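Next comes protein.pdb, with PDB, C-alpha atoms.
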```
ATOM      1  CA  GLU A   1      -2.068 -16.893 -10.086
ATOM      2  CA  ALA A   2      -2.435 -13.138  -9.491
ATOM      3  CA  GLU A   3      -4.134 -13.841  -6.143
ATOM      4  CA  ALA A   4      -1.311 -16.167  -5.063
ATOM      5  CA  LEU A   5       1.210 -13.487  -5.974
ATOM      6  CA  LEU A   6      -0.697 -10.924  -3.903
ATOM      7  CA  CYS A   7      -0.585 -13.342  -0.951
ATOM      8  CA  ALA A   8       3.184 -13.461  -1.420
ATOM      9  CA  VAL A   9       3.296  -9.651  -1.409
ATOM     10  CA  THR A  10       1.386  -9.622   1.883
ATOM     11  CA  ALA A  11       3.701 -12.245   3.374
ATOM     12  CA  TYR A  12       6.869 -10.379   2.417
ATOM     13  CA  THR A  13       5.579  -6.969   3.520
ATOM     14  CA  SER A  14       4.345  -8.306   6.876
ATOM     15  CA  ARG A  15       7.726  -9.966   7.399
ATOM     16  CA  LEU A  16       9.331  -6.605   6.712
ATOM     17  CA  ALA A  17       7.047  -4.858   9.186
ATOM     18  CA  HIS A  18       7.534  -7.380  11.993
ATOM     19  CA  ARG A  19      11.255  -8.060  11.571
ATOM     20  CA  GLN A  20      12.429  -4.554  10.741
ATOM     21  CA  ALA A  21      14.219  -4.140  14.074
ATOM     22  CA  THR A  22      15.904  -7.556  14.071
ATOM     23  CA  ALA A  23      16.701  -8.469  10.459
ATOM     24  CA  GLY A  24      19.703  -7.057   8.641
ATOM     25  CA  ARG A  25      19.257  -4.387   5.984
ATOM     26  CA  SER A  26      20.250  -6.723   3.137
ATOM     27  CA  THR A  27      17.626  -9.278   4.266
ATOM     28  CA  LEU A  28      14.964  -6.567   4.462
ATOM     29  CA  LEU A  29      15.893  -5.284   1.003
ATOM     30  CA  THR A  30      15.693  -8.833  -0.387
ATOM     31  CA  TRP A  31      12.154  -9.212   1.023
ATOM     32  CA  ALA A  32      11.177  -5.803  -0.335
ATOM     33  CA  GLU A  33      12.516  -6.724  -3.783
ATOM     34  CA  LYS A  34      10.655 -10.055  -3.722
ATOM     35  CA  ALA A  35       7.430  -8.316  -2.665
ATOM     36  CA  LEU A  36       7.786  -5.795  -5.480
ATOM     37  CA  ALA A  37       8.592  -8.488  -8.068
ATOM     38  CA  ALA A  38       5.526 -10.503  -6.994
ATOM     39  CA  ALA A  39       3.357  -7.360  -7.092
ATOM     40  CA  ASP A  40       4.615  -6.379 -10.546
ATOM     41  CA  ARG A  41       3.850  -9.875 -11.847
ATOM     42  CA  ALA A  42       0.374  -9.774 -10.243
ATOM     43  CA  VAL A  43      -0.322  -6.493 -12.048
ATOM     44  CA  GLU A  44       0.761  -8.108 -15.344
ATOM     45  CA  LEU A  45      -1.536 -11.100 -14.789
ATOM     46  CA  SER A  46      -4.490  -9.212 -13.362
ATOM     47  CA  GLN A  47      -7.756  -8.824 -15.173
ATOM     48  CA  ASP A  48     -10.554  -6.318 -14.732
ATOM     49  CA  GLY A  49     -11.868  -7.895 -11.531
ATOM     50  CA  ASN A  50      -8.606  -7.953  -9.599
ATOM     51  CA  GLU A  51      -6.609  -5.218 -11.306
ATOM     52  CA  ALA A  52      -7.271  -2.693  -8.534
ATOM     53  CA  GLN A  53      -6.214  -5.223  -5.876
ATOM     54  CA  ALA A  54      -3.032  -5.914  -7.824
ATOM     55  CA  LEU A  55      -2.284  -2.192  -8.076
ATOM     56  CA  LEU A  56      -2.841  -1.835  -4.342
ATOM     57  CA  GLY A  57      -0.518  -4.788  -3.733
ATOM     58  CA  ARG A  58       2.114  -2.973  -5.785
ATOM     59  CA  ALA A  59       1.545   0.193  -3.751
ATOM     60  CA  LEU A  60       1.976  -1.755  -0.504
ATOM     61  CA  ALA A  61       5.164  -3.383  -1.786
ATOM     62  CA  LEU A  62       6.519   0.018  -2.762
ATOM     63  CA  PHE A  63       5.529   1.411   0.633
ATOM     64  CA  ALA A  64       7.500  -1.360   2.348
ATOM     65  CA  PHE A  65      10.419  -0.620   0.039
ATOM     66  CA  SER A  66      10.166   3.108   0.760
ATOM     67  CA  ILE A  67      10.765   2.501   4.478
ATOM     68  CA  LEU A  68      14.205   1.196   3.519
ATOM     69  CA  GLU A  69      14.739   3.403   0.482
ATOM     70  CA  PRO A  70      13.188   6.862   0.956
ATOM     71  CA  SER A  71      13.771   7.565  -2.745
ATOM     72  CA  ARG A  72      10.864   5.179  -3.458
ATOM     73  CA  ARG A  73       8.278   7.221  -1.510
ATOM     74  CA  GLU A  74       7.073   9.254  -4.475
ATOM     75  CA  GLN A  75       6.692   6.074  -6.508
ATOM     76  CA  ALA A  76       4.768   4.408  -3.631
ATOM     77  CA  LEU A  77       2.413   7.377  -3.348
ATOM     78  CA  ALA A  78       1.774   7.420  -7.101
ATOM     79  CA  ALA A  79       1.015   3.673  -7.040
ATOM     80  CA  ALA A  80      -1.427   4.100  -4.138
ATOM     81  CA  GLU A  81      -3.133   6.977  -5.944
ATOM     82  CA  SER A  82      -3.476   4.820  -9.087
ATOM     83  CA  SER A  83      -5.074   2.038  -7.088
ATOM     84  CA  GLU A  84      -7.498   4.525  -5.507
ATOM     85  CA  ILE A  85      -8.612   5.578  -9.013
ATOM     86  CA  SER A  86      -9.035   1.920 -10.031
ATOM     87  CA  PHE A  87     -11.161   1.147  -6.983
ATOM     88  CA  THR A  88     -13.258   4.271  -7.630
ATOM     89  CA  ASP A  89     -13.893   3.027 -11.168
ATOM     90  CA  LEU A  90     -15.135  -0.244  -9.651
ATOM     91  CA  SER A  91     -17.125   1.612  -6.940
ATOM     92  CA  ASP A  92     -15.289  -0.364  -4.248
ATOM     93  CA  ARG A  93     -15.439   1.833  -1.156
ATOM     94  CA  ARG A  94     -13.299  -0.507   0.962
ATOM     95  CA  GLY A  95     -10.654  -0.617  -1.736
ATOM     96  CA  VAL A  96     -10.563   3.169  -1.886
ATOM     97  CA  VAL A  97     -10.101   3.306   1.898
ATOM     98  CA  LYS A  98      -7.253   0.778   1.755
ATOM     99  CA  ALA A  99      -5.597   2.820  -0.997
ATOM    100  CA  LEU A 100      -6.008   5.996   1.060
ATOM    101  CA  LEU A 101      -4.497   4.310   4.121
ATOM    102  CA  THR A 102      -1.467   3.326   2.056
ATOM    103  CA  GLN A 103      -1.133   6.936   0.904
ATOM    104  CA  ILE A 104      -1.399   8.130   4.510
ATOM    105  CA  LYS A 105       1.352   5.726   5.620
ATOM    106  CA  VAL A 106       3.653   7.001   2.885
ATOM    107  CA  LEU A 107       2.879  10.644   3.644
ATOM    108  CA  TYR A 108       3.429  10.215   7.382
ATOM    109  CA  GLN A 109       7.020   9.188   6.698
ATOM    110  CA  GLU A 110       7.691  12.806   5.707
ATOM    111  CA  VAL A 111       7.272  15.511   8.349
ATOM    112  CA  ASP A 112       6.353  18.066   5.664
ATOM    113  CA  HIS A 113       3.366  15.969   4.545
ATOM    114  CA  HIS A 114       1.509  15.392   7.828
ATOM    115  CA  ALA A 115      -1.214  17.926   6.895
ATOM    116  CA  GLU A 116      -1.743  16.211   3.536
ATOM    117  CA  ALA A 117      -1.953  12.836   5.317
ATOM    118  CA  ALA A 118      -4.504  14.253   7.776
ATOM    119  CA  THR A 119      -6.663  15.454   4.861
ATOM    120  CA  ARG A 120      -6.652  11.970   3.340
ATOM    121  CA  LEU A 121      -7.451  10.453   6.726
ATOM    122  CA  LYS A 122     -10.538  12.695   6.942
ATOM    123  CA  LYS A 123     -11.571  11.500   3.474
ATOM    124  CA  ALA A 124     -11.109   7.867   4.573
ATOM    125  CA  ARG A 125     -13.169   8.475   7.715
ATOM    126  CA  VAL A 126     -16.010   9.963   5.661
ATOM    127  CA  LEU A 127     -16.003   6.863   3.447
ATOM    128  CA  CYS A 128     -16.078   4.644   6.559
ATOM    129  CA  ARG A 129     -19.050   6.228   8.320
ATOM    130  CA  GLY A 130     -21.411   3.543   9.524
ATOM    131  CA  ASP A 131     -19.020   0.702   8.666
ATOM    132  CA  GLU A 132     -18.151  -1.246  11.824
ATOM    133  CA  ASP A 133     -15.100  -2.848  10.175
ATOM    134  CA  PHE A 134     -13.449   0.552   9.999
ATOM    135  CA  LEU A 135     -14.263   1.851  13.486
ATOM    136  CA  LEU A 136     -10.553   2.057  14.368
ATOM    137  CA  LEU A 137      -9.957   4.784  11.807
TER     138      LEU A 137
END
```
Before we go any further, please render this structure as structure tokens.
Amino acid sequence: EAEALLCAVTAYTSRLAHRQATAGRSTLLTWAEKALAAADRAVELSQDGNEAQALLGRALALFAFSILEPSRREQALAAAESSEISFTDLSDRRGVVKALLTQIKVLYQEVDHHAEAATRLKKARVLCRGDEDFLLL
């Protein structure tokens, strides 16, 4: 069930990303709230194997929310940092990179944090060396 909830998070957040210019604010907020509710439930249901993925799903939901509600940015960054720690515990390099990318997205929303985002991007690039799936970084 946690995996299905994470799929719902992805669906809602991608809807938010692609319809941001055309959908009304109340619709976008509804999708953001649904994504966050699904992510929170996935975290509750997650077990050791998928806990880090669930935490990252929560970070992504909060990131989507933070585009609409800047007051959520700190919360989104904290969630992404927590998921990075969880992936590190599991030695999942790809998971760490995904968590870092979420942090970078949050940080780039704030002009004052571009240098901090650039530092994390360098860290992500180091982790991606030799990995063809991450050549776009």
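Distances from A:Ile67, A:Leu121, A:Leu5, A:Ala21 to Ala39 in chain A were compared using all atoms listed in the file, and the smallest one belongs to A:Leu5.
Here the PyMOL selection byres ((chain A and resi 46) around 12) captures the residues A:Glu1, A:Ala2, A:Glu3, A:Ala4, A:Leu5, A:Leu6, A:Ala38, A:Ala39, A:Asp40, A:Arg41, A:Ala42, A:Val43, A:Glu44, A:Leu45, A:Gln47, A:Asp48, A:Gly49, A:Asn50, A:Glu51, A:Ala52, A:Gln53, A:Ala54, A:Leu55, A:Leu56, A:Gly57, A:Arg58.
Minimum atom-to-atom distance to Val96 in chain A, evaluated using all atoms listed in the file, belongs to A:Ser83 out of A:Ser83, A:Ser26, A:Ser71, A:Gln109.
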Legend entry - Residues near Glu74 in chain A, cut-off 12 Å, only C-alpha atoms, skip fewer than 4 positions along chain, as a PyMOL selection string: chain A and resi 59+62-63+65-67+69-70+78-81+103+106-107+109-110+113
Which residues fall under the PyMOL selection byres ((chain A and resi 12) around 10) in this file, as a PDB file with C-alpha atoms, in the frame of the given file?
```pdb
ATOM      1  CA  LEU A   6      -0.697 -10.924  -3.903  1.00  0.00           C
ATOM      2  CA  CYS A   7      -0.585 -13.342  -0.951  1.00  0.00           C
ATOM      3  CA  ALA A   8       3.184 -13.461  -1.420  1.00  0.00           C
ATOM      4  CA  VAL A   9       3.296  -9.651  -1.409  1.00  0.00           C
ATOM      5  CA  THR A  10       1.386  -9.622   1.883  1.00  0.00           C
ATOM      6  CA  ALA A  11       3.701 -12.245   3.374  1.00  0.00           C
ATOM      7  CA  THR A  13       5.579  -6.969   3.520  1.00  0.00           C
ATOM      8  CA  SER A  14       4.345  -8.306   6.876  1.00  0.00           C
ATOM      9  CA  ARG A  15       7.726  -9.966   7.399  1.00  0.00           C
ATOM     10  CA  LEU A  16       9.331  -6.605   6.712  1.00  0.00           C
ATOM     11  CA  ALA A  17       7.047  -4.858   9.186  1.00  0.00           C
ATOM     12  CA  LEU A  28      14.964  -6.567   4.462  1.00  0.00           C
ATOM     13  CA  THR A  30      15.693  -8.833  -0.387  1.00  0.00           C
ATOM     14  CA  TRP A  31      12.154  -9.212   1.023  1.00  0.00           C
ATOM     15  CA  ALA A  32      11.177  -5.803  -0.335  1.00  0.00           C
ATOM     16  CA  GLU A  33      12.516  -6.724  -3.783  1.00  0.00           C
ATOM     17  CA  LYS A  34      10.655 -10.055  -3.722  1.00  0.00           C
ATOM     18  CA  ALA A  35       7.430  -8.316  -2.665  1.00  0.00           C
ATOM     19  CA  LEU A  36       7.786  -5.795  -5.480  1.00  0.00           C
ATOM     20  CA  ALA A  38       5.526 -10.503  -6.994  1.00  0.00           C
ATOM     21  CA  ALA A  61       5.164  -3.383  -1.786  1.00  0.00           C
ATOM     22  CA  ALA A  64       7.500  -1.360   2.348  1.00  0.00           C
TER      23      ALA A  64
END
```
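For the choices A:Leu68, A:Ile104, A:Thr88, A:Leu77, the atom-to-atom distance to Glu116 in chain A is smallest for A:Ile104 when using only C-alpha atoms.
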Legend entry - Between CA of Arg125 in chain A and CA of Asp89 in chain A - distance in Å to one decimal: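 It comes out at 19.7 Å.
Note that CA of Ala118 in chain A and CA of Gln20 in chain A are 25.5 Å apart.
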Inset, instruction - Measure the distance from CA of Ala99 in chain A to CA of Leu127 in chain A in Å and round it to one decimal. - result: 12.0 Å
